[in-house]
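Student: For reference, this is input-v7.txt, and it has compact mmCIF, C-alpha atoms.
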# COMPACT_ATOMS: atom_id res chain seq x y z
CA MET A 1 54.21 123.38 -83.83
CA ALA A 2 53.03 123.45 -80.26
CA GLU A 3 50.09 125.78 -79.81
CA HIS A 4 50.52 126.93 -76.25
CA HIS A 5 48.02 129.78 -76.25
CA VAL A 6 50.17 132.12 -74.23
CA SER A 7 49.39 135.73 -75.10
CA ALA A 8 51.97 138.30 -76.17
CA LYS A 9 50.88 140.33 -73.14
CA THR A 10 51.95 137.49 -70.79
CA TYR A 11 55.34 137.33 -72.53
CA LEU A 12 55.81 141.08 -72.01
CA ILE A 13 54.82 140.82 -68.33
CA ILE A 14 57.43 138.06 -67.88
CA TRP A 15 59.99 140.34 -69.60
CA GLY A 16 59.16 143.05 -67.06
CA TRP A 17 59.69 140.63 -64.17
CA LEU A 18 62.98 139.34 -65.61
CA ALA A 19 64.34 142.87 -66.08
CA ALA A 20 63.10 144.04 -62.66
CA LEU A 21 64.50 141.03 -60.76
CA MET A 22 67.84 141.46 -62.54
CA LEU A 23 68.00 145.16 -61.57
CA VAL A 24 67.08 144.31 -57.95
CA GLY A 25 70.03 141.89 -57.90
CA VAL A 26 72.38 144.56 -59.24
CA ALA A 27 71.11 147.08 -56.65
CA LEU A 28 71.57 144.54 -53.84
CA SER A 29 75.17 143.93 -54.90
CA GLU A 30 75.93 147.62 -54.17
CA ARG A 31 76.82 146.71 -50.61
CA HIS A 32 78.35 150.06 -49.79
CA ILE A 33 74.95 151.75 -50.11
CA LEU A 34 72.79 148.95 -48.69
CA PRO A 35 73.18 147.58 -45.15
CA PHE A 36 73.28 143.88 -46.01
CA SER A 37 75.96 141.31 -45.25
CA ARG A 38 77.78 139.61 -48.12
CA GLY A 39 76.18 136.25 -47.29
CA VAL A 40 72.65 137.67 -47.39
CA VAL A 41 73.35 139.45 -50.69
CA ILE A 42 74.75 136.31 -52.36
CA LEU A 43 71.90 134.11 -51.11
CA THR A 44 69.26 136.64 -52.24
CA ILE A 45 70.80 137.05 -55.70
CA VAL A 46 71.03 133.25 -56.14
CA ILE A 47 67.33 132.97 -55.22
CA LEU A 48 66.45 135.83 -57.63
CA SER A 49 68.44 134.15 -60.43
CA THR A 50 66.66 130.84 -59.79
CA ILE A 51 63.27 132.60 -59.96
CA LYS A 52 64.30 134.25 -63.27
CA ALA A 53 65.44 130.90 -64.71
CA ALA A 54 62.16 129.30 -63.57
CA LEU A 55 60.14 132.07 -65.27
CA VAL A 56 62.04 131.52 -68.55
CA VAL A 57 61.66 127.72 -68.38
CA LEU A 58 57.97 127.75 -67.38
CA TYR A 59 56.69 130.56 -69.63
CA TYR A 60 59.16 131.13 -72.48
CA MET A 61 60.09 127.45 -72.90
CA HIS A 62 56.46 126.50 -72.14
CA LEU A 63 57.33 123.74 -69.69
CA LYS A 64 54.31 124.82 -67.61
CA LEU A 65 51.98 123.79 -70.43
CA ASP A 66 54.04 121.04 -72.06
CA ARG A 67 54.08 117.30 -71.55
CA ARG A 68 55.32 115.89 -68.25
CA THR A 69 57.97 113.85 -70.13
CA LEU A 70 59.83 117.07 -70.92
CA VAL A 71 59.75 118.10 -67.24
CA PHE A 72 61.44 114.80 -66.34
CA ILE A 73 64.07 115.33 -69.07
CA ALA A 74 64.71 118.87 -67.79
CA LEU A 75 65.12 117.63 -64.21
CA THR A 76 67.33 114.62 -65.04
CA PRO A 77 70.65 116.54 -65.17
CA PHE A 78 69.98 118.03 -61.72
CA VAL A 79 69.44 114.55 -60.25
CA LEU A 80 72.70 113.38 -61.86
CA ILE A 81 74.52 116.49 -60.61
CA ALA A 82 73.19 115.93 -57.07
CA LEU A 83 74.42 112.32 -57.25
CA ALA A 84 77.84 113.39 -58.53
CA VAL A 85 78.24 116.09 -55.87
CA GLY A 86 77.03 113.69 -53.16
CA LEU A 87 79.54 111.03 -54.24
CA LEU A 88 82.30 113.62 -54.44
CA TYR A 89 81.75 114.98 -50.95
CA SER A 90 81.17 111.58 -49.36
CA SER A 91 84.32 110.11 -50.90
CA LYS A 92 87.25 109.57 -48.55
CA LEU A 93 89.58 109.94 -51.52
CA VAL A 94 88.49 113.50 -52.35
CA HIS A 95 89.41 116.42 -50.15
CA LEU A 96 88.03 119.72 -51.39
CA MET B 1 57.17 107.07 -86.68
CA ALA B 2 54.80 107.87 -89.48
CA HIS B 3 56.10 110.05 -92.27
CA ALA B 4 55.20 113.69 -92.31
CA HIS B 5 53.21 114.66 -95.31
CA ALA B 6 51.80 117.81 -96.80
CA VAL B 7 48.33 118.00 -98.21
CA ALA B 8 47.42 121.05 -100.25
CA GLY B 9 50.14 123.08 -98.54
CA ALA B 10 49.08 122.17 -95.00
CA TYR B 11 51.79 120.56 -92.91
CA VAL B 12 50.71 117.58 -90.86
CA ALA B 13 52.91 116.87 -87.84
CA PRO B 14 54.33 113.35 -87.69
CA ARG B 15 53.00 111.17 -84.87
CA THR B 16 55.55 109.94 -82.37
CA ALA B 17 55.46 107.33 -79.60
CA THR B 18 56.06 109.99 -76.92
CA GLY B 19 53.49 112.41 -78.31
CA ILE B 20 56.31 114.97 -78.53
CA PRO B 21 57.78 115.87 -81.95
CA ASN B 22 61.16 114.17 -82.32
CA GLY B 23 62.99 117.42 -83.04
CA LYS B 24 61.66 119.04 -79.88
CA LEU B 25 62.41 115.95 -77.77
CA GLY B 26 65.94 115.88 -79.20
CA MET B 27 66.43 119.55 -78.39
CA TRP B 28 65.36 119.05 -74.75
CA ILE B 29 67.71 116.04 -74.37
CA PHE B 30 70.52 118.12 -75.92
CA LEU B 31 69.77 120.98 -73.51
CA ALA B 32 69.84 118.55 -70.56
CA SER B 33 73.36 117.55 -71.64
CA GLU B 34 74.25 121.24 -71.94
CA VAL B 35 73.09 121.80 -68.34
CA MET B 36 75.66 119.19 -67.28
CA PHE B 37 78.35 120.85 -69.42
CA PHE B 38 77.88 124.29 -67.88
CA THR B 39 77.40 122.85 -64.38
CA GLY B 40 80.83 121.22 -64.76
CA LEU B 41 82.40 124.56 -65.71
CA ILE B 42 80.58 126.56 -63.02
CA GLY B 43 81.30 123.83 -60.45
CA ALA B 44 85.02 123.97 -61.28
CA TYR B 45 84.91 127.78 -60.87
CA LEU B 46 83.21 127.50 -57.47
CA VAL B 47 85.67 124.87 -56.21
CA LEU B 48 88.63 127.00 -57.38
CA ARG B 49 87.16 130.11 -55.80
CA MET B 50 86.37 128.48 -52.45
CA GLY B 51 89.85 126.95 -52.43
CA HIS B 52 91.48 130.41 -52.60
CA PRO B 53 90.55 132.52 -49.53
CA SER B 54 92.13 135.64 -51.04
CA TRP B 55 90.84 134.87 -54.57
CA VAL B 56 90.96 137.99 -56.69
CA GLY B 57 91.23 141.56 -55.40
CA PRO B 58 89.85 144.80 -56.88
CA GLU B 59 91.78 144.08 -60.10
CA GLY B 60 89.27 141.28 -60.74
CA HIS B 61 86.27 143.58 -60.72
CA LEU B 62 84.31 143.58 -63.93
CA SER B 63 82.19 146.41 -65.33
CA VAL B 64 78.77 145.83 -63.77
CA GLY B 65 77.28 148.47 -66.10
CA ILE B 66 78.33 146.58 -69.23
CA GLY B 67 77.35 143.25 -67.67
CA THR B 68 73.91 144.63 -66.78
CA LEU B 69 73.46 146.00 -70.31
CA ASN B 70 74.37 142.64 -71.86
CA THR B 71 72.01 140.82 -69.47
CA LEU B 72 69.19 143.17 -70.46
CA ILE B 73 69.99 142.57 -74.14
CA LEU B 74 69.73 138.79 -73.72
CA ILE B 75 66.48 139.08 -71.73
CA CYS B 76 65.03 141.27 -74.53
CA SER B 77 66.19 138.76 -77.17
CA SER B 78 64.49 135.90 -75.28
CA THR B 79 61.29 137.93 -75.36
CA THR B 80 61.54 138.74 -79.08
CA ILE B 81 62.03 135.09 -80.05
CA VAL B 82 59.05 133.97 -77.97
CA LEU B 83 57.02 136.79 -79.58
CA ALA B 84 58.09 135.33 -82.96
CA LEU B 85 56.58 132.02 -81.83
CA ALA B 86 53.37 133.80 -80.80
CA ALA B 87 53.28 135.57 -84.19
CA ASP B 88 53.71 132.21 -85.93
CA ALA B 89 50.73 130.83 -83.99
CA ARG B 90 48.71 133.75 -85.44
CA GLN B 91 50.22 132.93 -88.88
CA GLN B 92 51.71 136.41 -89.22
CA ILE B 93 54.85 135.52 -91.14
CA ALA B 94 56.01 139.14 -91.53
CA ALA B 95 55.93 139.57 -87.75
CA VAL B 96 57.82 136.28 -87.31
CA ARG B 97 60.49 137.64 -89.64
CA GLY B 98 60.68 140.94 -87.75
CA TYR B 99 60.94 139.37 -84.29
CA LEU B 100 63.52 136.83 -85.50
CA ALA B 101 65.59 139.61 -87.08
CA ALA B 102 65.37 141.55 -83.80
CA THR B 103 66.53 138.46 -81.88
CA ILE B 104 69.50 138.02 -84.21
CA GLY B 105 70.32 141.73 -83.95
CA LEU B 106 70.23 141.66 -80.15
CA GLY B 107 72.37 138.50 -80.09
CA ALA B 108 74.89 140.17 -82.40
CA LEU B 109 74.92 143.24 -80.12
CA PHE B 110 75.71 141.00 -77.13
CA VAL B 111 78.60 139.42 -79.05
CA LEU B 112 79.96 142.80 -80.23
CA ILE B 113 79.88 144.27 -76.70
CA LYS B 114 81.52 141.15 -75.28
CA ILE B 115 84.33 141.02 -77.84
CA PHE B 116 85.00 144.64 -78.78
CA ILE B 117 84.35 146.33 -75.44
CA GLU B 118 84.89 143.80 -72.64
CA TYR B 119 87.52 141.42 -74.07
CA ALA B 120 89.27 144.23 -76.00
CA ALA B 121 89.65 146.37 -72.85
CA LYS B 122 91.12 143.48 -70.90
CA ILE B 123 93.47 142.35 -73.64
CA SER B 124 94.69 145.95 -74.10
CA HIS B 125 95.64 145.87 -70.39
CA HIS B 126 97.40 142.52 -70.95
CA ILE B 127 94.75 140.66 -68.94
CA LEU B 128 94.76 137.21 -70.51
CA PRO B 129 93.60 133.72 -69.47
CA SER B 130 97.17 133.12 -68.30
CA SER B 131 97.07 136.16 -65.96
CA SER B 132 95.47 134.33 -63.02
CA VAL B 133 93.08 131.49 -62.13
CA PHE B 134 90.25 134.04 -61.95
CA TRP B 135 90.89 135.33 -65.47
CA ALA B 136 91.33 131.79 -66.80
CA SER B 137 87.90 130.97 -65.31
CA TYR B 138 86.40 134.22 -66.63
CA TYR B 139 87.57 133.64 -70.21
CA THR B 140 86.57 129.96 -70.12
CA LEU B 141 83.06 130.54 -68.76
CA THR B 142 82.23 133.61 -70.85
CA GLY B 143 84.05 132.22 -73.91
CA PHE B 144 82.01 129.00 -73.96
CA HIS B 145 78.83 131.02 -73.38
CA LEU B 146 79.80 133.33 -76.24
CA LEU B 147 80.28 130.32 -78.55
CA HIS B 148 76.76 129.20 -77.62
CA VAL B 149 75.38 132.67 -78.42
CA LEU B 150 77.13 132.53 -81.82
CA GLY B 151 75.67 129.05 -82.41
CA GLY B 152 72.22 130.41 -81.52
CA ILE B 153 72.62 133.30 -83.96
CA VAL B 154 73.48 130.85 -86.76
CA PHE B 155 70.48 128.66 -85.83
CA ASN B 156 68.19 131.72 -85.84
CA LEU B 157 69.59 132.83 -89.22
CA VAL B 158 68.77 129.39 -90.67
CA VAL B 159 65.21 129.66 -89.32
CA LEU B 160 64.92 133.23 -90.66
CA SER B 161 66.04 132.09 -94.11
CA SER B 162 63.22 129.55 -94.17
CA THR B 163 60.63 132.31 -93.76
CA ALA B 164 61.50 133.49 -97.29
CA THR B 165 58.53 131.72 -98.88
CA PRO B 166 55.30 130.52 -97.25
CA ALA B 167 55.68 127.08 -98.85
CA VAL B 168 59.12 126.51 -97.29
CA TRP B 169 57.97 128.00 -93.98
CA ALA B 170 54.99 125.63 -93.84
CA HIS B 171 57.44 122.71 -93.66
CA GLN B 172 60.17 124.36 -91.56
CA ARG B 173 58.22 126.36 -88.99
CA ARG B 174 58.69 123.80 -86.20
CA ARG B 175 62.36 124.77 -86.15
CA LEU B 176 61.39 128.15 -84.71
CA GLU B 177 60.31 126.46 -81.46
CA TRP B 178 63.57 124.46 -81.28
CA ALA B 179 65.65 127.58 -81.96
CA GLY B 180 63.66 129.36 -79.24
CA LEU B 181 64.33 126.58 -76.70
CA TYR B 182 68.05 126.76 -77.43
CA TRP B 183 68.11 130.57 -77.24
CA HIS B 184 66.29 130.61 -73.89
CA PHE B 185 68.79 128.11 -72.52
CA VAL B 186 71.66 130.42 -73.53
CA ASP B 187 69.82 133.23 -71.70
CA ILE B 188 69.41 131.07 -68.56
CA VAL B 189 73.14 130.27 -68.49
CA TRP B 190 73.90 134.01 -68.57
CA ILE B 191 71.33 134.63 -65.80
CA PHE B 192 73.66 132.60 -63.54
CA LEU B 193 77.02 133.65 -65.01
CA PHE B 194 76.29 137.37 -64.63
CA PRO B 195 75.96 137.45 -60.80
CA LEU B 196 78.63 134.79 -60.36
CA LEU B 197 81.31 136.75 -62.23
CA TYR B 198 80.15 140.37 -62.04
CA LEU B 199 78.21 140.82 -58.80
CA PHE B 200 79.71 138.40 -56.26
CA SER B 201 83.24 139.79 -56.55
CA ARG B 202 82.18 143.29 -55.51
Write out the structure in this file as structure tokens.
Tutor:
Amino acid sequence: MAEHHVSAKTYLIIWGWLAALMLVGVALSERHILPFSRGVVILTIVILSTIKAALVVLYYMHLKLDRRTLVFIALTPFVLIALAVGLLYSSKLVHL
Amino acid sequence: MAHAHAVAGAYVAPRTATGIPNGKLGMWIFLASEVMFFTGLIGAYLVLRMGHPSWVGPEGHLSVGIGTLNTLILICSSTTIVLALAADARQQIAAVRGYLAATIGLGALFVLIKIFIEYAAKISHHILPSSSVFWASYYTLTGFHLLHVLGGIVFNLVVLSSTATPAVWAHQRRRLEWAGLYWHFVDIVWIFLFPLLYLFSR
């Protein structure tokens, strides 16, 4: 068992951030009460979601304190996805 | 890999070439493949959506209240399972049991809300995967996520069952970390599915 020495208090603080960021995203999506354009709202919510995912991966999945090998494994699919998307969009045979 | 062995009840972790326990390494590689699986599904949804300028009208709006509640439930369950891990580090097996049971309960609540409130309401209005491309995407994305939640609940139940006796737990406790990794991944997928399906169509 990995002994990561993260306190229960830290886990609860992360929970607070996850819940708060999620509620901010929901509030932002109420475009009829907030003066933001659709593009700004979508971009902001995507950034908030990425921050939430990063908090879960770094603190709850302990990637911040774990071995670097696991970081490379976690990043591998994103490299492959970037390659696949790049090939798809650069292909003359594919018209999206 | 050297064999794991127990001496006087104390579990000694097997040494591996990577320095990472094989089960944990396997779980991370599995999760990396799962990232590709869900990226394929979400990518297909995005391509379909961008290819339809009109996409779905107000009839495609989902209940943000229920979606928010379910998101909060999954966030809470991620916290309870990581608190189970923290309790295990302090060797408080009763607390491990309690946090794991809470995680399972919250997961079950997510499933019940999804099936008996969300899906049931749509099906009663004859909204099916065949209704439109949007609803086909909705059922596919949320359906596969739901299957993963159910898989996580089963995994957590197996881990909970091994807390029955300290002797069994001493040999099985590493599974709690693997179950936690899987459960957090399921939470992360929902972190992206929730805005994509519930918030961006408003």
Student: Using only C-alpha atoms, I'd like every residue of chain B that has an atom within 8 Å of chain A; please write them out as an mmCIF file with C-alpha atoms, in the coordinates of the input.
Tutor:
data_model
loop_
_atom_site.group_PDB
_atom_site.id
_atom_site.type_symbol
_atom_site.label_atom_id
_atom_site.label_comp_id
_atom_site.auth_asym_id
_atom_site.auth_seq_id
_atom_site.Cartn_x
_atom_site.Cartn_y
_atom_site.Cartn_z
ATOM 1 C CA ALA B 13 52.910 116.870 -87.840
ATOM 2 C CA ILE B 20 56.310 114.970 -78.530
ATOM 3 C CA LEU B 25 62.410 115.950 -77.770
ATOM 4 C CA TRP B 28 65.360 119.050 -74.750
ATOM 5 C CA ILE B 29 67.710 116.040 -74.370
ATOM 6 C CA LEU B 31 69.770 120.980 -73.510
ATOM 7 C CA ALA B 32 69.840 118.550 -70.560
ATOM 8 C CA SER B 33 73.360 117.550 -71.640
ATOM 9 C CA VAL B 35 73.090 121.800 -68.340
ATOM 10 C CA MET B 36 75.660 119.190 -67.280
ATOM 11 C CA THR B 39 77.400 122.850 -64.380
ATOM 12 C CA VAL B 47 85.670 124.870 -56.210
ATOM 13 C CA GLY B 51 89.850 126.950 -52.430
ATOM 14 C CA VAL B 64 78.770 145.830 -63.770
ATOM 15 C CA THR B 68 73.910 144.630 -66.780
ATOM 16 C CA LEU B 72 69.190 143.170 -70.460
ATOM 17 C CA ILE B 75 66.480 139.080 -71.730
ATOM 18 C CA CYS B 76 65.030 141.270 -74.530
ATOM 19 C CA SER B 78 64.490 135.900 -75.280
ATOM 20 C CA THR B 79 61.290 137.930 -75.360
ATOM 21 C CA VAL B 82 59.050 133.970 -77.970
ATOM 22 C CA LEU B 83 57.020 136.790 -79.580
ATOM 23 C CA ALA B 86 53.370 133.800 -80.800
ATOM 24 C CA ALA B 89 50.730 130.830 -83.990
ATOM 25 C CA ARG B 173 58.220 126.360 -88.990
ATOM 26 C CA ARG B 174 58.690 123.800 -86.200
ATOM 27 C CA GLU B 177 60.310 126.460 -81.460
ATOM 28 C CA GLY B 180 63.660 129.360 -79.240
ATOM 29 C CA LEU B 181 64.330 126.580 -76.700
ATOM 30 C CA HIS B 184 66.290 130.610 -73.890
ATOM 31 C CA ILE B 188 69.410 131.070 -68.560
ATOM 32 C CA ILE B 191 71.330 134.630 -65.800
ATOM 33 C CA PHE B 192 73.660 132.600 -63.540
ATOM 34 C CA PRO B 195 75.960 137.450 -60.800
ATOM 35 C CA LEU B 199 78.210 140.820 -58.800
ATOM 36 C CA PHE B 200 79.710 138.400 -56.260
ATOM 37 C CA ARG B 202 82.180 143.290 -55.510
#
Student: Show me, as a list in words, the residues that have an atom within 8 Å of Leu74 (chain B) when counting all atoms listed in the file, minus same-chain residues fewer than 6 positions from it.
Tutor: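 Residues near the query, excluding close chain neighbours: Leu106, Gly107, Phe110 and Asp187 of chain B.
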Student: To one decimal place, how far is CA of Pro53 (chain B) from CA of Leu83 (chain A) in Å?
Tutor: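 Rounded to one decimal, the two atoms are 27.0 Å apart.
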Student: Write out as an NGL selection string each polymer residue whose atoms come within 9 Å of Trp183 (chain B), counting only C-alpha atoms; drop sequence neighbours fewer than 3 positions from it.
Tutor: :B and (77-78 or 81 or 148-149 or 152-153 or 156 or 178-180 or 186-188)
Student: If you count only C-alpha atoms, which residues fall within 10 Å of region 130-132 of chain B, apart from same-chain ones fewer than 6 positions away, as a compact mmCIF listing (two decimals) with C-alpha atoms, keeping the file's coordinate frame?
Tutor:
# COMPACT_ATOMS: atom_id res chain seq x y z
CA TRP B 55 90.84 134.87 -54.57
CA VAL B 56 90.96 137.99 -56.69
CA GLY B 60 89.27 141.28 -60.74
CA TYR B 138 86.40 134.22 -66.63
CA TYR B 139 87.57 133.64 -70.21
Student: As a ChimeraX atom specification, please: the residues near Gln92 (chain B) (cut-off 12 Å, all atoms listed in the file, same-chain neighbours under 6 positions excluded).
Tutor: /B:83-86,98-99,163,166,169,173
Student: Taking C-alpha atoms for each residue, export the selection above as a PDB file, keeping the file's coordinate frame.
Tutor:
ATOM      1  CA  LEU B  83      57.020 136.790 -79.580  1.00  0.00           C
ATOM      2  CA  ALA B  84      58.090 135.330 -82.960  1.00  0.00           C
ATOM      3  CA  LEU B  85      56.580 132.020 -81.830  1.00  0.00           C
ATOM      4  CA  ALA B  86      53.370 133.800 -80.800  1.00  0.00           C
ATOM      5  CA  GLY B  98      60.680 140.940 -87.750  1.00  0.00           C
ATOM      6  CA  TYR B  99      60.940 139.370 -84.290  1.00  0.00           C
ATOM      7  CA  THR B 163      60.630 132.310 -93.760  1.00  0.00           C
ATOM      8  CA  PRO B 166      55.300 130.520 -97.250  1.00  0.00           C
ATOM      9  CA  TRP B 169      57.970 128.000 -93.980  1.00  0.00           C
ATOM     10  CA  ARG B 173      58.220 126.360 -88.990  1.00  0.00           C
TER      11      ARG B 173
END
Student: Which distance in Å separates CA of Leu160 (chain B) and CA of Phe30 (chain B), to one decimal?
Tutor: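 Computing the Euclidean distance for CA of Leu160 (chain B) and CA of Phe30 (chain B) yields 21.8 Å.
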Student: How many Å lie between CA of Ile115 (chain B) and CA of Arg97 (chain B), rounded to one decimal?
Tutor: 26.8 Å
Student: Give the padded box for region 13-28 of chain A as AutoDock Vina command-line options: axis-aligned, covering all atoms listed in the file, 3 Å on each side, centre and edge lengths in Å to one decimal.
Tutor:
--center_x 63.6 --center_y 142.6 --center_z -61.7 --size_x 23.6 --size_y 15.0 --size_z 21.8
Student: Export C-alpha atoms of region 86-172 of chain B from the structure just given, as a PDB file, in the first residue's frame?
Tutor:
ATOM      1  CA  ALA B  86      -6.351   7.501   4.661  1.00  0.00           C
ATOM      2  CA  ALA B  87      -8.115   5.427   7.362  1.00  0.00           C
ATOM      3  CA  ASP B  88      -6.299   2.323   6.122  1.00  0.00           C
ATOM      4  CA  ALA B  89      -2.963   4.134   6.457  1.00  0.00           C
ATOM      5  CA  ARG B  90      -3.917   4.750  10.120  1.00  0.00           C
ATOM      6  CA  GLN B  91      -4.922   1.051  10.352  1.00  0.00           C
ATOM      7  CA  GLN B  92      -8.480   1.936  11.372  1.00  0.00           C
ATOM      8  CA  ILE B  93     -10.306  -0.932   9.695  1.00  0.00           C
ATOM      9  CA  ALA B  94     -13.741   0.055  11.046  1.00  0.00           C
ATOM     10  CA  ALA B  95     -13.365   3.498   9.453  1.00  0.00           C
ATOM     11  CA  VAL B  96     -12.227   1.889   6.181  1.00  0.00           C
ATOM     12  CA  ARG B  97     -15.403  -0.189   6.242  1.00  0.00           C
ATOM     13  CA  GLY B  98     -17.573   2.859   6.948  1.00  0.00           C
ATOM     14  CA  TYR B  99     -16.054   5.037   4.210  1.00  0.00           C
ATOM     15  CA  LEU B 100     -16.201   2.182   1.688  1.00  0.00           C
ATOM     16  CA  ALA B 101     -19.860   1.534   2.542  1.00  0.00           C
ATOM     17  CA  ALA B 102     -20.550   5.266   2.108  1.00  0.00           C
ATOM     18  CA  THR B 103     -18.815   5.207  -1.291  1.00  0.00           C
ATOM     19  CA  ILE B 104     -20.909   2.231  -2.398  1.00  0.00           C
ATOM     20  CA  GLY B 105     -24.076   3.911  -1.100  1.00  0.00           C
ATOM     21  CA  LEU B 106     -23.334   7.149  -2.953  1.00  0.00           C
ATOM     22  CA  GLY B 107     -22.522   5.211  -6.137  1.00  0.00           C
ATOM     23  CA  ALA B 108     -25.812   3.328  -5.823  1.00  0.00           C
ATOM     24  CA  LEU B 109     -27.645   6.638  -5.323  1.00  0.00           C
ATOM     25  CA  PHE B 110     -26.090   7.979  -8.544  1.00  0.00           C
ATOM     26  CA  VAL B 111     -27.251   4.863 -10.414  1.00  0.00           C
ATOM     27  CA  LEU B 112     -30.782   5.018  -8.950  1.00  0.00           C
ATOM     28  CA  ILE B 113     -31.189   8.713  -9.852  1.00  0.00           C
ATOM     29  CA  LYS B 114     -29.848   8.089 -13.353  1.00  0.00           C
ATOM     30  CA  ILE B 115     -32.092   5.103 -14.071  1.00  0.00           C
ATOM     31  CA  PHE B 116     -35.290   5.753 -12.118  1.00  0.00           C
ATOM     32  CA  ILE B 117     -35.495   9.532 -12.427  1.00  0.00           C
ATOM     33  CA  GLU B 118     -33.595  10.638 -15.536  1.00  0.00           C
ATOM     34  CA  TYR B 119     -33.921   7.659 -17.906  1.00  0.00           C
ATOM     35  CA  ALA B 120     -37.436   6.814 -16.633  1.00  0.00           C
ATOM     36  CA  ALA B 121     -38.701  10.366 -17.301  1.00  0.00           C
ATOM     37  CA  LYS B 122     -37.312  10.340 -20.825  1.00  0.00           C
ATOM     38  CA  ILE B 123     -38.565   6.873 -21.677  1.00  0.00           C
ATOM     39  CA  SER B 124     -42.038   7.781 -20.356  1.00  0.00           C
ATOM     40  CA  HIS B 125     -42.011  10.655 -22.889  1.00  0.00           C
ATOM     41  CA  HIS B 126     -40.914   8.208 -25.610  1.00  0.00           C
ATOM     42  CA  ILE B 127     -37.452   9.777 -25.792  1.00  0.00           C
ATOM     43  CA  LEU B 128     -35.250   6.883 -26.872  1.00  0.00           C
ATOM     44  CA  PRO B 129     -31.805   6.506 -28.468  1.00  0.00           C
ATOM     45  CA  SER B 130     -33.619   6.290 -31.809  1.00  0.00           C
ATOM     46  CA  SER B 131     -35.321   9.682 -31.267  1.00  0.00           C
ATOM     47  CA  SER B 132     -32.439  11.789 -32.616  1.00  0.00           C
ATOM     48  CA  VAL B 133     -28.646  11.901 -32.947  1.00  0.00           C
ATOM     49  CA  PHE B 134     -28.506  13.947 -29.728  1.00  0.00           C
ATOM     50  CA  TRP B 135     -30.440  11.361 -27.732  1.00  0.00           C
ATOM     51  CA  ALA B 136     -28.437   8.512 -29.272  1.00  0.00           C
ATOM     52  CA  SER B 137     -25.268  10.319 -28.110  1.00  0.00           C
ATOM     53  CA  TYR B 138     -26.786  11.049 -24.687  1.00  0.00           C
ATOM     54  CA  TYR B 139     -27.767   7.431 -24.024  1.00  0.00           C
ATOM     55  CA  THR B 140     -24.445   6.115 -25.368  1.00  0.00           C
ATOM     56  CA  LEU B 141     -22.240   8.466 -23.328  1.00  0.00           C
ATOM     57  CA  THR B 142     -24.216   8.284 -20.077  1.00  0.00           C
ATOM     58  CA  GLY B 143     -24.964   4.565 -20.551  1.00  0.00           C
ATOM     59  CA  PHE B 144     -21.292   3.610 -20.856  1.00  0.00           C
ATOM     60  CA  HIS B 145     -20.469   5.851 -17.895  1.00  0.00           C
ATOM     61  CA  LEU B 146     -23.254   4.198 -15.896  1.00  0.00           C
ATOM     62  CA  LEU B 147     -21.818   0.752 -16.695  1.00  0.00           C
ATOM     63  CA  HIS B 148     -18.472   1.966 -15.355  1.00  0.00           C
ATOM     64  CA  VAL B 149     -20.141   3.211 -12.156  1.00  0.00           C
ATOM     65  CA  LEU B 150     -21.793  -0.209 -11.739  1.00  0.00           C
ATOM     66  CA  GLY B 151     -18.419  -1.900 -12.319  1.00  0.00           C
ATOM     67  CA  GLY B 152     -16.885   0.380  -9.675  1.00  0.00           C
ATOM     68  CA  ILE B 153     -19.624  -0.501  -7.185  1.00  0.00           C
ATOM     69  CA  VAL B 154     -18.933  -4.222  -7.700  1.00  0.00           C
ATOM     70  CA  PHE B 155     -15.171  -3.623  -7.293  1.00  0.00           C
ATOM     71  CA  ASN B 156     -15.795  -1.644  -4.078  1.00  0.00           C
ATOM     72  CA  LEU B 157     -18.100  -4.402  -2.766  1.00  0.00           C
ATOM     73  CA  VAL B 158     -15.335  -6.970  -3.335  1.00  0.00           C
ATOM     74  CA  VAL B 159     -12.876  -4.760  -1.426  1.00  0.00           C
ATOM     75  CA  LEU B 160     -15.450  -4.212   1.354  1.00  0.00           C
ATOM     76  CA  SER B 161     -15.969  -7.963   1.681  1.00  0.00           C
ATOM     77  CA  SER B 162     -12.248  -8.418   2.276  1.00  0.00           C
ATOM     78  CA  THR B 163     -12.380  -6.139   5.320  1.00  0.00           C
ATOM     79  CA  ALA B 164     -14.401  -8.853   7.109  1.00  0.00           C
ATOM     80  CA  THR B 165     -11.383 -10.220   8.971  1.00  0.00           C
ATOM     81  CA  PRO B 166      -8.053  -8.515   9.734  1.00  0.00           C
ATOM     82  CA  ALA B 167      -6.126 -11.529   8.413  1.00  0.00           C
ATOM     83  CA  VAL B 168      -7.803 -11.362   4.993  1.00  0.00           C
ATOM     84  CA  TRP B 169      -7.534  -7.563   4.937  1.00  0.00           C
ATOM     85  CA  ALA B 170      -3.790  -7.726   5.633  1.00  0.00           C
ATOM     86  CA  HIS B 171      -3.350  -9.533   2.296  1.00  0.00           C
ATOM     87  CA  GLN B 172      -6.033  -7.720   0.279  1.00  0.00           C
TER      88      GLN B 172
END
